[in-house]
Amino acid sequence: MELTREGNSVIRKFVGYDRHDTYAEIDLVKRPYKALHLLVNWFLPSQKLLHMERGGSHITKVYDQAQTPCARMLTREDVSEETKNKLRSIATELDLASLYHEILLCQEQLDEIAKRRQPPSIKKRGNYAYILDGSTA
């Protein structure tokens, strides 16, 4: 998946905004890219803004019907039939459950790393201060 501004926002929504700077963490952040690419392009429909209508100070946005990016590609006339056949063959091999499993596994591992890195927090209760290590609430 090409790293674009939109692509980065998708990955950030799934892996969070924690700092991951070791090689192991970087590899773990890279792992869900393929699964996210397939999930977003084949299973998550989105609406595209067609145009905006202005009526005085009021702006009305007009969107098209929600479709997945893959469905949009299949309806385009300027896309070759060979490309469309490749997209259809990929779509038949996809399994939504395994994509989610891969993404959730990466999320859990990154969350564990982030929890280990955080210093213990001190929470004041009454006249006493308790050190919380994340295992007590």
# chains A, B, ... in the order shown; residues from 1 in each chain; ligands from 1
>>> residues_around(residues="Ala114 of chain A", least_positions_apart="2", cutoff="12 Å", atoms="only C-alpha atoms", output="PyMOL selection string")
chain A and resi 15-21+25+107-112+116-119+134
>>> residues_around(residues="segment 41-55 of chain A", least_positions_apart="6", cutoff="12 Å", atoms="only C-alpha atoms", output="NGL selection string")
:A and (1 or 7 or 10 or 33-35 or 61-74 or 87-97 or 99-100)
>>> residues_around(residues="Arg31 of chain A", least_positions_apart="6", cutoff="10 Å", atoms="only C-alpha atoms", output="list in words")
Glu25, Glu102, Ile103 and Cys106 of chain A
>>> closest_residue(among="A:Val29, A:Ala24, A:Leu104, A:Val40", to="Arg12 of chain A", atoms="only C-alpha atoms")
A:Val29
>>> atom_distance(atom1="atom CA of Ile113 of chain A", atom2="atom CA of Leu28 of chain A")
10.5 Å
>>> select_by_dssp(residues="chain A", states="helix (DSSP H, G or I)", output="PyMOL selection string")
chain A and resi 5-15+23-30+32-42+69-75+81-93+96-117
